[in-house]
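Engineer: Input target_30.cif, format and content: mmCIF, C-alpha atoms and all ligand atoms; chains and numbers go by the auth columns.
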```
data_run
loop_
_atom_site.group_PDB
_atom_site.id
_atom_site.type_symbol
_atom_site.label_atom_id
_atom_site.label_comp_id
_atom_site.label_asym_id
_atom_site.label_seq_id
_atom_site.Cartn_x
_atom_site.Cartn_y
_atom_site.Cartn_z
_atom_site.B_iso_or_equiv
_atom_site.auth_seq_id
_atom_site.auth_asym_id
ATOM 1 C CA MET A 1 196.849 57.317 127.726 0.00 47 R
ATOM 2 C CA ALA A 2 196.985 57.036 123.979 0.00 48 R
ATOM 3 C CA ILE A 3 195.208 53.672 124.079 0.00 49 R
ATOM 4 C CA SER A 4 192.392 54.807 126.359 0.00 50 R
ATOM 5 C CA GLY A 5 191.959 57.951 124.243 0.00 51 R
ATOM 6 C CA GLY A 6 191.593 55.742 121.214 0.00 52 R
ATOM 7 C CA ASP A 7 188.966 53.648 123.031 0.00 53 R
ATOM 8 C CA ALA A 8 186.952 56.707 123.938 0.00 54 R
ATOM 9 C CA CYS A 9 187.060 57.857 120.348 0.00 55 R
ATOM 10 C CA HIS A 10 185.918 54.468 119.194 0.00 56 R
ATOM 11 C CA ARG A 11 183.046 54.466 121.675 0.00 57 R
ATOM 12 C CA ARG A 12 181.951 57.896 120.448 0.00 58 R
ATOM 13 C CA LEU A 13 181.976 56.622 116.905 0.00 59 R
ATOM 14 C CA ALA A 14 179.865 53.618 117.892 0.00 60 R
ATOM 15 C CA ALA A 15 177.373 55.848 119.705 0.00 61 R
ATOM 16 C CA ALA A 16 177.141 58.137 116.702 0.00 62 R
ATOM 17 C CA THR A 17 176.411 55.139 114.515 0.00 63 R
ATOM 18 C CA VAL A 18 173.552 54.071 116.801 0.00 64 R
ATOM 19 C CA ILE A 19 172.069 57.579 116.778 0.00 65 R
ATOM 20 C CA VAL A 20 172.283 57.798 113.019 0.00 66 R
ATOM 21 C CA THR A 21 170.611 54.400 112.737 0.00 67 R
ATOM 22 C CA LEU A 22 167.823 55.402 115.139 0.00 68 R
ATOM 23 C CA THR A 23 167.256 58.675 113.320 0.00 69 R
ATOM 24 C CA TRP A 24 167.098 56.899 110.026 0.00 70 R
ATOM 25 C CA THR A 25 164.617 54.308 111.372 0.00 71 R
ATOM 26 C CA THR A 26 162.364 56.955 112.921 0.00 72 R
ATOM 27 C CA GLY A 27 162.446 59.079 109.796 0.00 73 R
ATOM 28 C CA CYS A 28 161.502 56.071 107.757 0.00 74 R
ATOM 29 C CA SER A 29 158.520 55.105 109.896 0.00 75 R
ATOM 30 C CA GLU A 30 157.307 58.734 109.935 0.00 76 R
ATOM 31 C CA ARG A 31 157.168 58.711 106.173 0.00 77 R
ATOM 32 C CA THR A 32 155.274 55.463 105.911 0.00 78 R
ATOM 33 C CA SER A 33 152.680 55.513 108.737 0.00 79 R
ATOM 34 C CA ALA A 34 150.105 57.985 110.086 0.00 80 R
ATOM 35 C CA PRO A 35 150.364 58.949 113.789 0.00 81 R
ATOM 36 C CA PRO A 36 148.657 56.314 115.940 0.00 82 R
ATOM 37 C CA VAL A 37 145.207 57.293 117.203 0.00 83 R
ATOM 38 C CA SER A 38 146.323 56.682 120.809 0.00 84 R
ATOM 39 C CA LEU A 39 148.387 59.890 120.641 0.00 85 R
ATOM 40 C CA MET A 40 145.171 61.903 120.632 0.00 86 R
ATOM 41 C CA PRO A 41 144.217 63.199 124.102 0.00 87 R
ATOM 42 C CA PRO A 42 141.037 61.672 125.565 0.00 88 R
ATOM 43 C CA ILE A 43 138.014 63.872 124.856 0.00 89 R
ATOM 44 C CA ALA A 44 137.488 64.637 128.563 0.00 90 R
ATOM 45 C CA ASP A 45 140.989 66.133 128.817 0.00 91 R
ATOM 46 C CA VAL A 46 140.583 68.585 125.962 0.00 92 R
ATOM 47 C CA PRO A 47 140.318 72.066 127.493 0.00 93 R
ATOM 48 C CA VAL A 48 137.320 74.084 126.353 0.00 94 R
ATOM 49 C CA GLY A 49 139.514 77.082 125.589 0.00 95 R
ATOM 50 C CA PRO A 50 139.932 80.459 127.241 0.00 96 R
ATOM 51 C CA VAL A 51 136.961 81.763 129.211 0.00 97 R
ATOM 52 C CA PRO A 52 135.703 85.171 128.034 0.00 98 R
ATOM 53 C CA GLY A 53 137.035 87.852 130.346 0.00 99 R
ATOM 54 C CA GLY A 54 140.455 86.279 130.663 0.00 100 R
ATOM 55 C CA VAL A 55 139.981 84.351 133.908 0.00 101 R
ATOM 56 C CA ARG A 56 142.302 81.463 134.639 0.00 102 R
ATOM 57 C CA GLU A 57 141.494 78.196 132.922 0.00 103 R
ATOM 58 C CA ASP A 58 140.127 75.764 135.504 0.00 104 R
ATOM 59 C CA ARG A 59 141.322 72.253 134.733 0.00 105 R
ATOM 60 C CA SER A 60 140.713 71.251 138.353 0.00 106 R
ATOM 61 C CA VAL A 61 137.067 70.445 137.596 0.00 107 R
ATOM 62 C CA LEU A 62 137.877 67.525 135.296 0.00 108 R
ATOM 63 C CA GLY A 63 137.448 64.296 137.241 0.00 109 R
ATOM 64 C CA ASN A 64 136.651 66.129 140.463 0.00 110 R
ATOM 65 C CA PRO A 65 133.489 64.539 141.913 0.00 111 R
ATOM 66 C CA VAL A 66 132.488 67.721 143.781 0.00 112 R
ATOM 67 C CA ALA A 67 133.249 70.151 140.937 0.00 113 R
ATOM 68 C CA GLY A 68 130.669 72.873 140.501 0.00 114 R
ATOM 69 C CA ASP A 69 129.181 72.427 143.977 0.00 115 R
ATOM 70 C CA PRO A 70 129.232 75.832 145.747 0.00 116 R
ATOM 71 C CA ASP A 71 129.120 74.117 149.173 0.00 117 R
ATOM 72 C CA ALA A 72 132.263 72.163 148.247 0.00 118 R
ATOM 73 C CA LEU A 73 134.054 75.397 147.322 0.00 119 R
ATOM 74 C CA ARG A 74 133.143 76.965 150.681 0.00 120 R
ATOM 75 C CA ASP A 75 134.180 73.815 152.580 0.00 121 R
ATOM 76 C CA GLY A 76 137.422 73.675 150.594 0.00 122 R
ATOM 77 C CA ARG A 77 138.127 77.301 151.532 0.00 123 R
ATOM 78 C CA ALA A 78 137.435 76.479 155.210 0.00 124 R
ATOM 79 C CA PHE A 79 139.789 73.474 155.155 0.00 125 R
ATOM 80 C CA PHE A 80 142.463 75.522 153.372 0.00 126 R
ATOM 81 C CA VAL A 81 142.490 77.846 156.378 0.00 127 R
ATOM 82 C CA ALA A 82 141.848 75.190 159.067 0.00 128 R
ATOM 83 C CA TYR A 83 144.722 72.956 157.942 0.00 129 R
ATOM 84 C CA ASN A 84 147.001 75.957 157.609 0.00 130 R
ATOM 85 C CA CYS A 85 147.625 75.579 153.914 0.00 131 R
ATOM 86 C CA SER A 86 147.239 79.346 154.046 0.00 132 R
ATOM 87 C CA GLY A 87 150.175 79.543 156.475 0.00 133 R
ATOM 88 C CA CYS A 88 152.582 78.430 153.760 0.00 134 R
ATOM 89 C CA HIS A 89 150.721 79.377 150.570 0.00 135 R
ATOM 90 C CA GLY A 90 149.258 82.729 151.693 0.00 136 R
ATOM 91 C CA ASP A 91 145.794 83.612 153.044 0.00 137 R
ATOM 92 C CA HIS A 92 144.252 83.330 149.595 0.00 138 R
ATOM 93 C CA GLY A 93 146.881 81.047 148.078 0.00 139 R
ATOM 94 C CA GLY A 94 148.884 83.912 146.616 0.00 140 R
ATOM 95 C CA GLY A 95 152.196 82.448 147.778 0.00 141 R
ATOM 96 C CA GLY A 96 154.517 82.671 150.752 0.00 142 R
ATOM 97 C CA MET A 97 157.017 80.070 151.908 0.00 143 R
ATOM 98 C CA GLY A 98 155.139 77.771 149.484 0.00 144 R
ATOM 99 C CA PRO A 99 154.448 78.667 145.850 0.00 145 R
ATOM 100 C CA SER A 100 151.405 80.607 144.667 0.00 146 R
ATOM 101 C CA LEU A 101 148.387 78.415 144.029 0.00 147 R
ATOM 102 C CA ARG A 102 146.484 81.379 142.514 0.00 148 R
ATOM 103 C CA ASP A 103 148.578 81.994 139.431 0.00 149 R
ATOM 104 C CA ALA A 104 148.287 80.071 136.191 0.00 150 R
ATOM 105 C CA SER A 105 151.490 78.062 136.574 0.00 151 R
ATOM 106 C CA TRP A 106 151.792 74.750 138.352 0.00 152 R
ATOM 107 C CA ILE A 107 155.064 73.021 139.178 0.00 153 R
ATOM 108 C CA TYR A 108 153.445 69.588 139.354 0.00 154 R
ATOM 109 C CA GLY A 109 150.463 70.082 137.037 0.00 155 R
ATOM 110 C CA GLY A 110 147.098 71.800 137.389 0.00 156 R
ATOM 111 C CA SER A 111 144.617 69.049 136.557 0.00 157 R
ATOM 112 C CA ALA A 112 142.334 67.804 139.337 0.00 158 R
ATOM 113 C CA ALA A 113 144.277 64.549 139.625 0.00 159 R
ATOM 114 C CA GLU A 114 147.661 66.297 139.686 0.00 160 R
ATOM 115 C CA ILE A 115 146.637 68.829 142.338 0.00 161 R
ATOM 116 C CA ALA A 116 145.055 66.053 144.417 0.00 162 R
ATOM 117 C CA ASN A 117 148.316 64.097 144.146 0.00 163 R
ATOM 118 C CA SER A 118 150.317 67.106 145.338 0.00 164 R
ATOM 119 C CA VAL A 119 148.056 67.375 148.398 0.00 165 R
ATOM 120 C CA VAL A 120 147.789 63.657 149.218 0.00 166 R
ATOM 121 C CA GLN A 121 151.398 62.623 148.585 0.00 167 R
ATOM 122 C CA GLY A 122 153.197 65.863 149.348 0.00 168 R
ATOM 123 C CA ARG A 123 155.982 67.241 147.137 0.00 169 R
ATOM 124 C CA ALA A 124 159.736 67.072 147.453 0.00 170 R
ATOM 125 C CA HIS A 125 160.674 70.618 148.394 0.00 171 R
ATOM 126 C CA GLY A 126 158.731 71.267 151.594 0.00 172 R
ATOM 127 C CA MET A 127 155.132 70.265 150.830 0.00 173 R
ATOM 128 C CA PRO A 128 153.854 67.885 153.545 0.00 174 R
ATOM 129 C CA ALA A 129 151.740 64.835 152.619 0.00 175 R
ATOM 130 C CA TRP A 130 148.133 65.199 153.755 0.00 176 R
ATOM 131 C CA GLY A 131 146.832 61.779 152.717 0.00 177 R
ATOM 132 C CA THR A 132 146.540 60.491 156.276 0.00 178 R
ATOM 133 C CA ARG A 133 144.964 63.656 157.652 0.00 179 R
ATOM 134 C CA LEU A 134 142.349 64.543 155.042 0.00 180 R
ATOM 135 C CA THR A 135 139.491 62.390 153.759 0.00 181 R
ATOM 136 C CA PRO A 136 139.300 61.993 149.978 0.00 182 R
ATOM 137 C CA GLU A 137 136.205 64.218 149.999 0.00 183 R
ATOM 138 C CA GLN A 138 138.094 66.976 151.818 0.00 184 R
ATOM 139 C CA VAL A 139 140.925 66.697 149.272 0.00 185 R
ATOM 140 C CA TRP A 140 138.472 67.125 146.370 0.00 186 R
ATOM 141 C CA GLN A 141 136.817 70.074 148.108 0.00 187 R
ATOM 142 C CA ILE A 142 140.200 71.771 148.534 0.00 188 R
ATOM 143 C CA VAL A 143 141.116 70.986 144.912 0.00 189 R
ATOM 144 C CA ALA A 144 137.809 72.497 143.778 0.00 190 R
ATOM 145 C CA TYR A 145 138.495 75.596 145.884 0.00 191 R
ATOM 146 C CA LEU A 146 142.008 75.991 144.436 0.00 192 R
ATOM 147 C CA GLY A 147 140.541 75.716 140.947 0.00 193 R
ATOM 148 C CA SER A 148 137.976 78.426 141.678 0.00 194 R
ATOM 149 C CA MET A 149 140.663 80.971 142.569 0.00 195 R
ATOM 150 C CA ARG A 150 140.527 84.086 140.389 0.00 196 R
ATOM 151 C CA THR A 151 137.223 82.958 138.901 0.00 197 R
ATOM 152 C CA PRO A 152 133.863 84.548 139.745 0.00 198 R
ATOM 153 C CA ARG A 153 133.030 81.374 141.719 0.00 199 R
ATOM 154 C CA GLU A 154 135.803 81.855 144.301 0.00 200 R
ATOM 155 C CA PRO A 155 134.368 82.004 147.831 0.00 201 R
ATOM 156 C CA ASP A 156 135.727 84.741 150.102 0.00 202 R
ATOM 157 C CA PRO A 157 138.005 86.265 147.424 0.00 203 R
ATOM 158 C CA PRO A 158 140.757 88.655 148.512 0.00 204 R
ATOM 159 C CA ALA A 159 140.121 92.376 148.199 0.00 205 R
ATOM 160 C CA GLY A 160 141.096 93.464 144.720 0.00 206 R
ATOM 161 C CA GLY A 161 141.071 89.902 143.311 0.00 207 R
HETATM 162 C C1 LIG B . 154.881 73.706 155.634 0.00 301 Y
HETATM 163 C C2 LIG B . 154.447 74.533 154.530 0.00 301 Y
HETATM 164 C C3 LIG B . 153.303 74.016 153.676 0.00 301 Y
HETATM 165 C C4 LIG B . 152.033 73.663 154.072 0.00 301 Y
HETATM 166 C C5 LIG B . 151.439 73.666 155.497 0.00 301 Y
HETATM 167 C C6 LIG B . 151.319 73.314 152.865 0.00 301 Y
HETATM 168 N N1 LIG B . 152.132 73.435 151.781 0.00 301 Y
HETATM 169 FE FE1 LIG B . 151.629 73.041 149.854 0.00 301 Y
HETATM 170 N N2 LIG B . 153.566 73.341 149.264 0.00 301 Y
HETATM 171 C C7 LIG B . 154.567 73.811 150.086 0.00 301 Y
HETATM 172 C C8 LIG B . 155.782 73.914 149.306 0.00 301 Y
HETATM 173 C C9 LIG B . 157.126 74.431 149.812 0.00 301 Y
HETATM 174 C C10 LIG B . 155.468 73.482 147.994 0.00 301 Y
HETATM 175 C C11 LIG B . 156.416 73.355 146.787 0.00 301 Y
HETATM 176 C C12 LIG B . 157.007 71.946 146.826 0.00 301 Y
HETATM 177 C C13 LIG B . 157.986 71.651 145.721 0.00 301 Y
HETATM 178 O O1 LIG B . 158.322 72.547 144.929 0.00 301 Y
HETATM 179 O O2 LIG B . 158.409 70.475 145.631 0.00 301 Y
HETATM 180 C C14 LIG B . 154.053 73.142 148.009 0.00 301 Y
HETATM 181 C C15 LIG B . 153.366 72.679 146.905 0.00 301 Y
HETATM 182 C C16 LIG B . 151.984 72.535 146.866 0.00 301 Y
HETATM 183 C C17 LIG B . 151.225 72.217 145.679 0.00 301 Y
HETATM 184 C C18 LIG B . 151.793 71.998 144.293 0.00 301 Y
HETATM 185 C C19 LIG B . 151.913 73.360 143.635 0.00 301 Y
HETATM 186 C C20 LIG B . 152.339 73.316 142.177 0.00 301 Y
HETATM 187 O O3 LIG B . 152.702 74.399 141.669 0.00 301 Y
HETATM 188 O O4 LIG B . 152.283 72.248 141.545 0.00 301 Y
HETATM 189 C C21 LIG B . 149.902 72.200 146.043 0.00 301 Y
HETATM 190 C C22 LIG B . 148.703 71.948 145.143 0.00 301 Y
HETATM 191 C C23 LIG B . 149.845 72.479 147.456 0.00 301 Y
HETATM 192 N N3 LIG B . 151.125 72.672 147.923 0.00 301 Y
HETATM 193 C C24 LIG B . 148.678 72.545 148.188 0.00 301 Y
HETATM 194 C C25 LIG B . 148.636 72.620 149.588 0.00 301 Y
HETATM 195 C C26 LIG B . 147.441 72.420 150.377 0.00 301 Y
HETATM 196 C C27 LIG B . 146.055 72.211 149.820 0.00 301 Y
HETATM 197 C C28 LIG B . 147.815 72.503 151.693 0.00 301 Y
HETATM 198 C C29 LIG B . 146.949 72.301 152.925 0.00 301 Y
HETATM 199 C C30 LIG B . 146.229 71.048 153.034 0.00 301 Y
HETATM 200 C C31 LIG B . 149.247 72.762 151.707 0.00 301 Y
HETATM 201 N N4 LIG B . 149.712 72.818 150.418 0.00 301 Y
HETATM 202 C C32 LIG B . 150.000 72.932 152.839 0.00 301 Y
HETATM 203 C C33 LIG B . 154.466 74.115 151.428 0.00 301 Y
HETATM 204 C C34 LIG B . 153.352 73.848 152.222 0.00 301 Y
#
```
Transcribe the structure of this file into structure tokens.
Structural biologist:
Amino acid sequence: MAISGGDACHRRLAAATVIVTLTWTTGCSERTSAPPVSLMPPIADVPVGPVPGGVREDRSVLGNPVAGDPDALRDGRAFFVAYNCSGCHGDHGGGGMGPSLRDASWIYGGSAAEIANSVVQGRAHGMPAWGTRLTPEQVWQIVAYLGSMRTPREPDPPAGG
């Protein structure tokens, strides 16, 4: 017992040495070099800031080929009901057995690509994968609809918003 305890102590010491070395190296490079330009987000991903009136920020338009098309929003709403997304997420996405898609928080990210991934691939805790049942255009229409929720562009909004 005494020997193995000594080993463990030695290992901890070695680990501490590595951490100290890493910290020292990082600290050194921070002092000597400016942050690399690649850390800057691409221009297209920079949010435009809060919309006057306090509506939810809609990141689902970025990279969505049907963004801004009112027909796409209506079709997305129709598919949301037809494919029974509403059965798990609520009639207007407000939440049920599945999480709310109306509120500002996303478990798996709220950008167009992230929402599309959630729909196409499914998610671990009870979200089915729809990639084989929806065309890519239908996915984008649904993503556009989800992004329009709680904005003035939302088709067929629930009573009281
Ligand atoms: C059988 C119930 C069920 C159905 C039907 C369903 N979902 Fe889900 N969905 C869930 C659950 C549960 C989660 C949370 C999964 C997790 O936490 O891993 C989820 C997660 C999601 C997410 C990610 C949410 C986040 O916060 O990141 C999106 C987007 C989504 N669903 C959209 C849809 C769409 C669009 C449809 C219809 C095409 C649909 N869902 C149909 C149960 C369902």
Engineer: Need the axis-aligned box for ligand LIG 301 (chain Y) with 8 Å each side, so what are the centre and edges in Å to one decimal, as lines of an AutoDock Vina configuration file?
Structural biologist:
```
center_x = 152.2
center_y = 72.5
center_z = 148.6
size_x = 28.4
size_y = 20.1
size_z = 30.1
```
Engineer: Can you give me, as a compact mmCIF listing (two decimals) with C-alpha atoms, in the coordinates of the input, the residues this file yields under the PyMOL selection byres (((not hetatm)) within 8 of (chain Y and resi 301))?
Structural biologist:
```
# COMPACT_ATOMS: atom_id res chain seq x y z
CA PHE R 125 139.79 73.47 155.16
CA PHE R 126 142.46 75.52 153.37
CA VAL R 127 142.49 77.85 156.38
CA TYR R 129 144.72 72.96 157.94
CA ASN R 130 147.00 75.96 157.61
CA CYS R 131 147.62 75.58 153.91
CA SER R 132 147.24 79.35 154.05
CA GLY R 133 150.18 79.54 156.48
CA CYS R 134 152.58 78.43 153.76
CA HIS R 135 150.72 79.38 150.57
CA MET R 143 157.02 80.07 151.91
CA GLY R 144 155.14 77.77 149.48
CA PRO R 145 154.45 78.67 145.85
CA SER R 146 151.40 80.61 144.67
CA LEU R 147 148.39 78.42 144.03
CA SER R 151 151.49 78.06 136.57
CA TRP R 152 151.79 74.75 138.35
CA ILE R 153 155.06 73.02 139.18
CA TYR R 154 153.44 69.59 139.35
CA GLY R 155 150.46 70.08 137.04
CA GLY R 156 147.10 71.80 137.39
CA GLU R 160 147.66 66.30 139.69
CA ILE R 161 146.64 68.83 142.34
CA ALA R 162 145.06 66.05 144.42
CA ASN R 163 148.32 64.10 144.15
CA SER R 164 150.32 67.11 145.34
CA VAL R 165 148.06 67.38 148.40
CA GLY R 168 153.20 65.86 149.35
CA ARG R 169 155.98 67.24 147.14
CA ALA R 170 159.74 67.07 147.45
CA HIS R 171 160.67 70.62 148.39
CA GLY R 172 158.73 71.27 151.59
CA MET R 173 155.13 70.26 150.83
CA PRO R 174 153.85 67.89 153.54
CA TRP R 176 148.13 65.20 153.76
CA LEU R 180 142.35 64.54 155.04
CA VAL R 185 140.93 66.70 149.27
CA ILE R 188 140.20 71.77 148.53
CA VAL R 189 141.12 70.99 144.91
CA LEU R 192 142.01 75.99 144.44
```
Engineer: Closest to R:Gln187 among R:Ala150, R:Ala205, R:Ala128, R:Leu119, using only C-alpha atoms?
Structural biologist: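 Of R:Ala150, R:Ala205, R:Ala128, R:Leu119, the one nearest R:Gln187, counting only C-alpha atoms, is R:Leu119.
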Engineer: Excluding same-chain residues fewer than 5 positions from R:Met195, what lies within 8 Å of it counting all atoms listed in the file, as an NGL selection string?
Structural biologist: :R and (148 or 200 or 203)
Engineer: State, in Å with one decimal place, the distance from atom CA of R:Asn110 to atom CA of R:Gly177.
Structural biologist: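 Computing the Euclidean distance for atom CA of R:Asn110 and atom CA of R:Gly177 yields 16.5 Å.
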Engineer: Considering only C-alpha atoms, state which residue in the set R:Ser157, R:Asp137, R:Tyr191, R:Pro204 is at the smallest distance from R:Asp115.
Structural biologist: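 Closest to R:Asp115 of all the choices is R:Tyr191.
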Engineer: One decimal, Å: what's the distance from atom CA of R:Glu183 over to atom CA of R:Thr197, could you say?
Structural biologist: 21.8 Å
Engineer: Quick one: pull the distance between atom CA of R:Gly142 and atom CA of R:Gly114, Å, one decimal.
Structural biologist: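 Straight-line distance from atom CA of R:Gly142 to atom CA of R:Gly114 works out to 27.7 Å.
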